[in-house]
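Novice: So that you have it, the file is my_file_33.cif, and it contains mmCIF, C-alpha atoms:
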```cif
data_coords
loop_
_atom_site.group_PDB
_atom_site.id
_atom_site.type_symbol
_atom_site.label_atom_id
_atom_site.label_comp_id
_atom_site.auth_asym_id
_atom_site.auth_seq_id
_atom_site.Cartn_x
_atom_site.Cartn_y
_atom_site.Cartn_z
ATOM 1 C CA MET A 37 0.000 0.000 0.000
ATOM 2 C CA MET A 38 1.287 3.442 -0.925
ATOM 3 C CA VAL A 39 1.089 6.280 1.586
ATOM 4 C CA TYR A 40 1.245 9.947 0.599
ATOM 5 C CA ALA A 41 2.199 12.147 3.544
ATOM 6 C CA VAL A 42 2.451 15.918 3.839
ATOM 7 C CA LEU A 43 3.869 18.005 6.684
ATOM 8 C CA ILE A 44 2.695 21.617 6.687
ATOM 9 C CA LEU A 45 4.695 24.081 8.798
ATOM 10 C CA ASP A 46 3.363 27.538 9.634
ATOM 11 C CA LEU A 47 6.460 29.631 10.356
ATOM 12 C CA ARG A 48 7.292 33.048 11.766
ATOM 13 C CA LEU A 49 10.624 34.525 10.658
ATOM 14 C CA SER A 50 11.479 36.962 13.423
ATOM 15 C CA GLY A 51 14.632 38.449 11.900
ATOM 16 C CA CYS A 52 13.340 39.247 8.414
ATOM 17 C CA ARG A 53 12.650 42.824 7.361
ATOM 18 C CA SER A 54 11.962 42.337 3.630
ATOM 19 C CA LEU A 55 10.777 39.760 1.104
ATOM 20 C CA LYS A 56 14.317 39.489 -0.249
ATOM 21 C CA GLU A 57 15.622 38.638 3.219
ATOM 22 C CA LYS A 58 12.790 36.132 3.682
ATOM 23 C CA ARG A 59 13.651 34.373 0.409
ATOM 24 C CA GLY A 60 17.274 34.275 1.548
ATOM 25 C CA ASN A 61 16.168 32.368 4.654
ATOM 26 C CA ILE A 62 13.522 30.082 3.109
ATOM 27 C CA LYS A 63 15.458 28.857 0.061
ATOM 28 C CA PRO A 64 18.321 27.262 2.076
ATOM 29 C CA ILE A 65 15.754 25.564 4.331
ATOM 30 C CA LEU A 66 13.936 24.029 1.357
ATOM 31 C CA ASN A 67 17.227 22.868 -0.185
ATOM 32 C CA ARG A 68 18.424 21.386 3.096
ATOM 33 C CA LEU A 69 15.152 19.511 3.679
ATOM 34 C CA HIS A 70 15.421 17.978 0.219
ATOM 35 C CA LYS A 71 19.075 17.041 0.738
ATOM 36 C CA GLU A 72 18.739 15.671 4.287
ATOM 37 C CA PHE A 73 15.373 13.910 4.016
ATOM 38 C CA ASN A 74 14.775 13.404 0.268
ATOM 39 C CA VAL A 75 11.364 15.087 0.426
ATOM 40 C CA SER A 76 9.690 17.533 -1.893
ATOM 41 C CA SER A 77 9.289 20.904 -0.224
ATOM 42 C CA ALA A 78 7.914 24.289 -1.203
ATOM 43 C CA GLU A 79 6.557 27.514 0.228
ATOM 44 C CA ILE A 80 2.807 27.204 -0.338
ATOM 45 C CA GLU A 81 1.271 30.237 1.384
ATOM 46 C CA LYS A 82 2.065 33.734 2.680
ATOM 47 C CA ASN A 83 4.457 34.358 -0.214
ATOM 48 C CA ASP A 84 4.010 38.139 0.034
ATOM 49 C CA CYS A 85 4.372 38.360 3.819
ATOM 50 C CA TRP A 86 7.966 39.143 4.818
ATOM 51 C CA ASN A 87 7.865 37.691 8.350
ATOM 52 C CA GLU A 88 5.682 34.589 7.890
ATOM 53 C CA SER A 89 5.707 31.523 5.661
ATOM 54 C CA VAL A 90 3.947 28.209 5.183
ATOM 55 C CA ILE A 91 6.115 25.331 3.990
ATOM 56 C CA ALA A 92 4.896 21.917 2.854
ATOM 57 C CA CYS A 93 7.059 18.774 2.800
ATOM 58 C CA GLY A 94 5.704 15.766 0.956
ATOM 59 C CA LEU A 95 6.789 12.166 0.586
ATOM 60 C CA ILE A 96 5.573 8.832 -0.697
ATOM 61 C CA THR A 97 6.335 5.597 1.114
ATOM 62 C CA ASN A 98 4.849 2.147 1.584
ATOM 63 C CA GLU A 99 4.173 2.397 5.350
ATOM 64 C CA LYS A 100 2.413 5.049 7.398
ATOM 65 C CA LYS A 101 4.756 4.388 10.320
ATOM 66 C CA ALA A 102 7.820 5.196 8.189
ATOM 67 C CA ALA A 103 6.214 8.394 6.869
ATOM 68 C CA ASP A 104 5.253 9.482 10.380
ATOM 69 C CA ALA A 105 8.791 8.876 11.663
ATOM 70 C CA GLN A 106 10.399 10.836 8.830
ATOM 71 C CA LEU A 107 8.025 13.798 9.073
ATOM 72 C CA ASN A 108 8.559 13.985 12.829
ATOM 73 C CA GLN A 109 12.328 13.966 12.208
ATOM 74 C CA ILE A 110 11.851 16.937 9.882
ATOM 75 C CA LEU A 111 9.876 18.760 12.566
ATOM 76 C CA HIS A 112 12.621 18.207 15.158
ATOM 77 C CA PHE A 113 15.289 19.126 12.612
ATOM 78 C CA MET A 114 13.554 22.460 11.979
ATOM 79 C CA GLU A 115 13.264 23.173 15.709
ATOM 80 C CA ASN A 116 16.936 22.378 16.362
ATOM 81 C CA HIS A 117 18.666 23.932 13.337
ATOM 82 C CA TRP A 118 16.785 27.174 12.704
ATOM 83 C CA ARG A 119 16.528 29.028 15.994
ATOM 84 C CA ASN A 120 15.497 32.316 14.339
ATOM 85 C CA ILE A 121 12.362 30.659 12.908
ATOM 86 C CA ASP A 122 9.391 29.872 15.129
ATOM 87 C CA ILE A 123 7.030 27.036 14.258
ATOM 88 C CA ILE A 124 3.607 28.542 14.982
ATOM 89 C CA ASN A 125 1.648 25.479 13.947
ATOM 90 C CA TYR A 126 2.095 22.226 12.037
ATOM 91 C CA SER A 127 -0.029 19.437 10.666
ATOM 92 C CA ILE A 128 0.571 16.042 9.127
ATOM 93 C CA THR A 129 -1.862 14.712 6.524
ATOM 94 C CA TYR A 130 -1.982 11.233 5.006
ATOM 95 C CA LEU A 131 -3.616 10.514 1.682
#
```
Take the structure from the file and write it as structure tokens.

Specialist:
Amino acid sequence: MMVYAVLILDLRLSGCRSLKEKRGNIKPILNRLHKEFNVSSAEIEKNDCWNESVIACGLITNEKKAADAQLNQILHFMENHWRNIDIINYSITYL
């Protein structure tokens, strides 16, 4: 059985003062998530807001347990590696 899983992170970027600065912070995060966890990731909402962002990370696997473990690793990775970014809310959806 195939499992599609998506982690949605609602973020606040406390140090950003412009959209250019925001892009400079978000792009390395998206690249690092892809490199470290082999997930697809993109900014999906709040593109025009300079101090907030919504990022989605998606993956396909054959077990829900494996997807849950990997998405929780991503959540902890974000909390530990980007101290200037606050996770306001998150959700995990399985399709």

Novice: Evaluate the PyMOL selection byres ((chain A and resi 41) around 12) here and jot the selected residues down as a short mmCIF file (atom, residue, chain, number, x, y, z; two decimals) with C-alpha atoms, keeping the file's coordinate frame.

Specialist:
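part-v3.cif written:
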```
data_model
loop_
_atom_site.label_atom_id
_atom_site.label_comp_id
_atom_site.auth_asym_id
_atom_site.auth_seq_id
_atom_site.Cartn_x
_atom_site.Cartn_y
_atom_site.Cartn_z
CA MET A 38 1.29 3.44 -0.92
CA VAL A 39 1.09 6.28 1.59
CA TYR A 40 1.25 9.95 0.60
CA VAL A 42 2.45 15.92 3.84
CA LEU A 43 3.87 18.00 6.68
CA ILE A 44 2.70 21.62 6.69
CA VAL A 75 11.36 15.09 0.43
CA SER A 76 9.69 17.53 -1.89
CA SER A 77 9.29 20.90 -0.22
CA ALA A 92 4.90 21.92 2.85
CA CYS A 93 7.06 18.77 2.80
CA GLY A 94 5.70 15.77 0.96
CA LEU A 95 6.79 12.17 0.59
CA ILE A 96 5.57 8.83 -0.70
CA THR A 97 6.34 5.60 1.11
CA ASN A 98 4.85 2.15 1.58
CA GLU A 99 4.17 2.40 5.35
CA LYS A 100 2.41 5.05 7.40
CA LYS A 101 4.76 4.39 10.32
CA ALA A 102 7.82 5.20 8.19
CA ALA A 103 6.21 8.39 6.87
CA ASP A 104 5.25 9.48 10.38
CA ALA A 105 8.79 8.88 11.66
CA GLN A 106 10.40 10.84 8.83
CA LEU A 107 8.02 13.80 9.07
CA ASN A 108 8.56 13.98 12.83
CA SER A 127 -0.03 19.44 10.67
CA ILE A 128 0.57 16.04 9.13
CA THR A 129 -1.86 14.71 6.52
CA TYR A 130 -1.98 11.23 5.01
CA LEU A 131 -3.62 10.51 1.68
#
```

Novice: Just need the box for region 57-68 of chain A, edges along x, y and z, holding every atom the file lists for it with 8 Å tacked onto each side, so centre and edge lengths in Å to one decimal, as lines of an AutoDock Vina configuration file.

Specialist:
```
center_x = 15.6
center_y = 30.0
center_z = 2.2
size_x = 21.6
size_y = 33.3
size_z = 20.8
```

Novice: Run the PyMOL selection byres ((chain A and resi 123) around 10) against the file shown and list the residues it catches, as a PyMOL selection string.

Specialist: chain A and resi 45-49+88-90+111+114-115+118-122+124-126

Novice: Expressed in Å to a single decimal, how great is the separation between CA of Ser54 (chain A) and CA of Cys85 (chain A)?

Specialist: 8.6 Å

Novice: Would you kindly return, as a PyMOL selection string, each protein, DNA or RNA residue with an atom no farther than 9 Å from any atom of Cys52 (chain A), considering all atoms listed in the file and excluding same-chain residues fewer than 2 positions away?

Specialist: chain A and resi 49-50+54-58+61+86-88

Novice: Report, in Å to a single decimal, how far apart CA of Asp84 (chain A) and CA of Lys71 (chain A) are.

Specialist: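 Spanning CA of Lys71 (chain A) to CA of Asp84 (chain A) is a straight-line distance of 25.9 Å.
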
Novice: Between CA of Gly51 (chain A) and CA of Glu81 (chain A), what is the distance, to one decimal in Å?

Specialist: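 Between CA of Gly51 (chain A) and CA of Glu81 (chain A) the gap works out to 18.9 Å.
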
Novice: Report as a VMD selection string all protein, DNA and RNA residues lying within 8 Å of Leu66 (chain A), evaluated on all atoms listed in the file, omitting residues in the same chain fewer than 3 positions from it.

Specialist: chain A and resid 62 to 63 69 to 70 77 to 78
